[in-house]
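Chemist: Pasting in a structure now, in structure tokens, and then I'll have a few things to ask.
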Amino acid sequence: NAGVTQTPKFQVLKTGQSMTLQCAQDMNHNSMYWYRQDPGMGLRLIYYSASEGTTDKGEVPNGYNVSRLNKREFSLRLESAAPSQTSVYFCASSTVEIGRAEGTQYFGPGTRLLVL
Amino acid sequence: KNEVEQSPQNLTAQEGEFITINCSYSVGISALHWLQQHPGGGIVSLFMLSSGKKKHGRLIATINIQEKHSSLHITASHPRDSAVYICAVTSGSRLTFGEGTQLTVNP
């Protein structure tokens with residue numbers, strides 16, 4: 001099993017460009033998440049999907065949109081990238097949604113995004 | 001003040017030393033997680049606990065719900081333990097992360 005995969009690994013964008021970060025998991029997990037990690041700050045939740053067909057905002061959703069394409073795939077879209085969105089983005093999945101004590105999260109390798 | 005505070009922020013140890021990383025939180029939680037982030041960036045879940053103590057190999061995690069405090073211990077530390085260790089708490093539908101503790105174990 002590949003676990004959680006993310007593409008691309010690295011990306012450089014100019015301000016105003018758009019792009020989609022892809023995430024897929026092969027563990028048959030119901031819940032999927034997108035986080036960003038910035039220096040001096042903990043991981044912060046952007047959006048999550050508790051189950052196929054549902055998505056909810058996290059702590060820092062502004063400037064992002066998501067699509068839960070099917071049970072395996074959860075994509076994150078930046079419609080008009082800004083330098084403040086320079087970060088490392090992690091996708092994660094779990095068998096159950098946040099709030100359930102048994103919800104161990106499995107993380108992808110991350111995508112490093114630089115917005116100039 | 002962050003809801004999840006870790007100490008120390010940075011820790012340097014010699015191989016073989018016993019290591020303790022602390023995590024304090026200020027909200028009611030249903031679970032606490034310890035994660036390890038490798039130098040290459042990958043994040044691995046080490047423990048998830050809601051009470052007591054868990055052990056996996058040389059790693060031990062404890063939690064005191066009344067004191068809102070958890071510790072991660074590493075026995076007989078090794079250079080391959082060098083990583084960032086992250087504490088996170090589940091509260092309602094939120095998972096809140098600490099900033100992490102950078103551990104360096106020298107040979």
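Identifiers for the structure tokens are assigned positionally: chains receive A, B, ... in sequence, residues are indexed from 1 per chain, and ligands are indexed from 1 in the order shown.
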Could the residues of chain B within 8 Å of chain A, counting only C-alpha atoms, be given as JSON, numbers by chain, please?
Modeler: {"B": [30, 31, 41, 42, 43, 44, 45, 48, 49, 50, 90, 91, 92, 93, 94, 95, 96, 97, 98, 99, 100]}
Chemist: Identify, with DSSP run on backbone atoms, the residues in chain A assigned to strand (DSSP E), and express the list as a ChimeraX atom specification.
Modeler: /A:4-7,10-13,19-25,31-37,44-49,56-57,64-68,74-78,87-94,106-107,111-115
Chemist: Which one of B:Ile60, B:Ile86, B:His78, B:Ser71 sits closest to Thr12 in chain B if you count only C-alpha atoms?
Modeler: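 Under the stated criterion, the closest residue is B:His78.
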Chemist: Extract, using only C-alpha atoms, all DNA, RNA and protein residues at most 8 Å from Gly53 in chain A, discarding same-chain residues fewer than 5 positions from it, and format them as a PDB file with N, CA, C and O atoms, in the first residue's frame.
Modeler:
ATOM      1  N   ARG A  68     -13.764  16.728  -2.665  1.00  0.00           N
ATOM      2  CA  ARG A  68     -13.620  15.298  -2.328  1.00  0.00           C
ATOM      3  C   ARG A  68     -14.177  14.545  -3.523  1.00  0.00           C
ATOM      4  O   ARG A  68     -15.377  14.300  -3.643  1.00  0.00           O
ATOM      5  N   LEU A  69     -13.287  14.179  -4.418  1.00  0.00           N
ATOM      6  CA  LEU A  69     -13.665  13.643  -5.719  1.00  0.00           C
ATOM      7  C   LEU A  69     -14.318  12.257  -5.565  1.00  0.00           C
ATOM      8  O   LEU A  69     -15.244  11.912  -6.284  1.00  0.00           O
ATOM      9  N   ASN A  70     -13.803  11.481  -4.662  1.00  0.00           N
ATOM     10  CA  ASN A  70     -14.321  10.154  -4.350  1.00  0.00           C
ATOM     11  C   ASN A  70     -13.726   9.781  -2.996  1.00  0.00           C
ATOM     12  O   ASN A  70     -13.085  10.620  -2.350  1.00  0.00           O
TER      13      ASN A  70
END
Chemist: Contacts of Asn28 in chain A at 12 Å or less, counting only C-alpha atoms, minus same-chain residues fewer than 3 places along, as a PyMOL selection string?
Modeler: chain A and resi 1-4+24-25+31-32+51-52+70-73+93-96+106
Chemist: Give me, please, the distance in Å between CA of Gln85 in chain A and CA of Cys23 in chain B, quoted to one decimal.
Modeler: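 Pair CA of Gln85 in chain A / CA of Cys23 in chain B returns 28.3 Å.
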Chemist: Using only C-alpha atoms, which residue out of B:Val84, B:Leu46, B:Val89, B:Ile63 lies closest to Val27 in chain B?
Modeler: B:Val89
Chemist: Using only C-alpha atoms, determine which residues lie at most 7 Å from Pro83 in chain A, disregarding the query and same-chain residues fewer than 2 positions distant; provide the list as a ChimeraX atom specification.
Modeler: /A:15,81,85-86,115-116
Chemist: Keeping only N, CA and C atoms, take the residues you just selected and write them out as a PDB file, in the first residue's frame.
Modeler:
ATOM      1  N   THR A  15       2.359  35.180  -8.122  1.00  0.00           N
ATOM      2  CA  THR A  15       1.148  35.733  -7.527  1.00  0.00           C
ATOM      3  C   THR A  15       0.038  35.798  -8.568  1.00  0.00           C
ATOM      4  N   ALA A  81      -3.116  32.511  -6.258  1.00  0.00           N
ATOM      5  CA  ALA A  81      -2.099  32.343  -5.219  1.00  0.00           C
ATOM      6  C   ALA A  81      -1.539  33.680  -4.742  1.00  0.00           C
ATOM      7  N   GLN A  85       0.558  32.383   0.975  1.00  0.00           N
ATOM      8  CA  GLN A  85       0.244  30.962   0.864  1.00  0.00           C
ATOM      9  C   GLN A  85       1.494  30.106   0.646  1.00  0.00           C
ATOM     10  N   THR A  86       2.658  30.742   0.657  1.00  0.00           N
ATOM     11  CA  THR A  86       3.915  29.997   0.663  1.00  0.00           C
ATOM     12  C   THR A  86       3.965  29.177   1.939  1.00  0.00           C
ATOM     13  N   VAL A 115       5.231  30.908  -3.447  1.00  0.00           N
ATOM     14  CA  VAL A 115       4.496  31.878  -4.268  1.00  0.00           C
ATOM     15  C   VAL A 115       5.293  33.172  -4.311  1.00  0.00           C
ATOM     16  N   LEU A 116       5.689  33.544  -5.510  1.00  0.00           N
ATOM     17  CA  LEU A 116       6.542  34.736  -5.682  1.00  0.00           C
ATOM     18  C   LEU A 116       5.708  35.992  -5.962  1.00  0.00           C
TER      19      LEU A 116
END
Chemist: Just the number, please: distance in Å from CA of Trp34 in chain A to CA of Tyr25 in chain B, one decimal.
Modeler: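 Those two atoms sit 22.8 Å apart.
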